[in-house]
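Below you'll find the structure, written out as structure tokens, and then a few comments.
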Amino acid sequence: MWYRIAADLVVAVHLLFIGFVVFGAFLSWRWPKIIWVQLPAMVYGALIEFIGFTCPLTPVENYLRHRAGEAAYRGGFIAHYLVSVVYPPGLTRGVQIGLGAAVLVIAVAGYAGYLHRHAPGLLARRAARRPAA
């Protein structure tokens, strides 16, 4: 039972990480310092899709499910609803590349919005730091 709960928690963390990778740039509008965490996460998430390697959370979840005696993703809210989002059926190489491109496009839109909102203040602070001629 504890292994199953742990596996469900790993799926939930996995889904939260995916959400952060895809939409984290928009969090920077409110919390600009988050950029230093979101940018590497976004690059990592896009690389997973472009290169096609497995996220380390997947083997952890599979191990926990195996220890729980589960052979497939079934039962419960998390297993029924979240697993299909993290591991969509029919995932092909072309779909993975499209997902990676979508991650980049969404991030560019998010950071463009960030720059639009914060660029005037950033430029004013930079100009204030310059020594007078």
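Each chain of the structure tokens is named A, B, ... in the order shown, its residues numbered from 1; ligands are numbered from 1 in display order.
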All residues 9 Å or closer to Tyr111 of chain A, only C-alpha atoms, same chain fewer than 6 positions away omitted, as a PDB file with N, CA and C atoms, in the first residue's frame:
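Saved file selection_39.pdb follows:
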ATOM      1  N   ALA A  25       7.211  30.058 -17.064  1.00  0.00           N
ATOM      2  CA  ALA A  25       7.624  31.391 -17.513  1.00  0.00           C
ATOM      3  C   ALA A  25       6.605  32.448 -17.091  1.00  0.00           C
ATOM      4  N   PHE A  26       5.351  32.062 -17.009  1.00  0.00           N
ATOM      5  CA  PHE A  26       4.323  33.018 -16.613  1.00  0.00           C
ATOM      6  C   PHE A  26       4.391  33.342 -15.116  1.00  0.00           C
ATOM      7  N   SER A  28       7.098  33.974 -13.672  1.00  0.00           N
ATOM      8  CA  SER A  28       8.121  35.012 -13.560  1.00  0.00           C
ATOM      9  C   SER A  28       7.527  36.411 -13.620  1.00  0.00           C
ATOM     10  N   TRP A  29       6.335  36.543 -14.140  1.00  0.00           N
ATOM     11  CA  TRP A  29       5.695  37.850 -14.155  1.00  0.00           C
ATOM     12  C   TRP A  29       5.492  38.342 -12.733  1.00  0.00           C
TER      13      TRP A  29
END
Query raised in the report: Residues at most 10 Å from segment 48-51 of chain A, counting only C-alpha atoms, excluding those fewer than 6 positions away in the same chain, as a list in words?
Result: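 Counting only the stated atoms, we get Met42, Arg93, Gly94, Val95, Gln96, Ile97, Gly98, Leu99, Gly100, Ala101 and Val103 of chain A.
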Query raised in the report: Between A:Tyr114, A:Val22, A:His14, A:Pro120, which one has atoms that come closest to Val60 of chain A, using only C-alpha atoms?
Result: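 Closest to Val60 of chain A, using only C-alpha atoms: A:His14.
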Requested in this report: For atom CA of His118 of chain A and atom CA of Leu15 of chain A, determine how far apart the two atoms are, in Å to one decimal place.
Outcome: 29.1 Å
Query raised in the report: Between A:Ala119, A:Val105, A:Leu91, A:Leu57, which one has atoms that come closest to Val10 of chain A, using only C-alpha atoms?
Result: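 Using only C-alpha atoms, Val10 of chain A sits closest to A:Leu57.
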Report task. One decimal, Å: what's the distance from atom CA of Gly52 of chain A over to atom CA of Thr92 of chain A, could you say? Result ->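 About the pair atom CA of Gly52 of chain A and atom CA of Thr92 of chain A: they are 10.0 Å apart.
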Query raised in the report: Pick the closest to Trp2 of chain A from A:Gly90, A:Gly24, A:Gly45, A:Gly69: which is it, counting only C-alpha atoms?
Result: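 Comparing A:Gly90, A:Gly24, A:Gly45, A:Gly69 against Trp2 of chain A, the winner is A:Gly69.
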Query - Pick from A:Leu115, A:Ser84, A:Gly110, A:Glu61 nearest to Val13 of chain A, counting only C-alpha atoms - result: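 Among A:Leu115, A:Ser84, A:Gly110, A:Glu61, it is A:Glu61 that comes nearest to Val13 of chain A.
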Query raised in the report: Of the candidates A:Leu64, A:Ala109, A:Leu27, A:Ala102, which shows the shortest atom-to-atom distance to Ala6 of chain A, using only C-alpha atoms?
Result: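 Result for the nearest residue to Ala6 of chain A: A:Leu64.
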Report task. Write down as a PyMOL selection string the residues belonging to segment 85-122 of chain A that are assigned helix (DSSP H, G or I) by DSSP computed on the backbone. Result -> chain A and resi 85-86+93-122
Save the residues we just selected, C-alpha atoms, as a PDB file, in the first residue's frame?
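Okay, this is what ended up in out-v1.pdb:
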ATOM      1  CA  VAL A  85      -1.675  13.140 -18.957  1.00  0.00           C
ATOM      2  CA  VAL A  86       1.943  12.353 -18.071  1.00  0.00           C
ATOM      3  CA  ARG A  93       8.530  10.498 -31.940  1.00  0.00           C
ATOM      4  CA  GLY A  94       6.818  13.186 -34.038  1.00  0.00           C
ATOM      5  CA  VAL A  95       4.425  14.001 -31.216  1.00  0.00           C
ATOM      6  CA  GLN A  96       7.359  14.253 -28.800  1.00  0.00           C
ATOM      7  CA  ILE A  97       9.145  16.740 -31.071  1.00  0.00           C
ATOM      8  CA  GLY A  98       5.922  18.713 -31.392  1.00  0.00           C
ATOM      9  CA  LEU A  99       5.569  18.776 -27.600  1.00  0.00           C
ATOM     10  CA  GLY A 100       9.150  20.007 -27.256  1.00  0.00           C
ATOM     11  CA  ALA A 101       8.474  22.775 -29.774  1.00  0.00           C
ATOM     12  CA  ALA A 102       5.270  23.692 -27.928  1.00  0.00           C
ATOM     13  CA  VAL A 103       7.233  23.983 -24.667  1.00  0.00           C
ATOM     14  CA  LEU A 104       9.631  26.419 -26.352  1.00  0.00           C
ATOM     15  CA  VAL A 105       6.857  28.475 -27.974  1.00  0.00           C
ATOM     16  CA  ILE A 106       4.957  28.790 -24.687  1.00  0.00           C
ATOM     17  CA  ALA A 107       8.162  29.762 -22.859  1.00  0.00           C
ATOM     18  CA  VAL A 108       8.971  32.416 -25.477  1.00  0.00           C
ATOM     19  CA  ALA A 109       5.458  33.831 -25.078  1.00  0.00           C
ATOM     20  CA  GLY A 110       5.805  33.820 -21.291  1.00  0.00           C
ATOM     21  CA  TYR A 111       9.189  35.523 -21.287  1.00  0.00           C
ATOM     22  CA  ALA A 112       8.067  38.026 -23.940  1.00  0.00           C
ATOM     23  CA  GLY A 113       5.247  38.971 -21.590  1.00  0.00           C
ATOM     24  CA  TYR A 114       7.733  39.218 -18.736  1.00  0.00           C
ATOM     25  CA  LEU A 115       9.960  41.569 -20.736  1.00  0.00           C
ATOM     26  CA  HIS A 116       6.970  43.627 -21.805  1.00  0.00           C
ATOM     27  CA  ARG A 117       5.927  44.062 -18.171  1.00  0.00           C
ATOM     28  CA  HIS A 118       9.356  44.522 -16.616  1.00  0.00           C
ATOM     29  CA  ALA A 119      11.636  45.981 -19.318  1.00  0.00           C
ATOM     30  CA  PRO A 120      10.913  49.659 -18.529  1.00  0.00           C
ATOM     31  CA  GLY A 121      11.817  49.139 -14.867  1.00  0.00           C
ATOM     32  CA  LEU A 122      14.882  47.047 -15.721  1.00  0.00           C
TER      33      LEU A 122
END
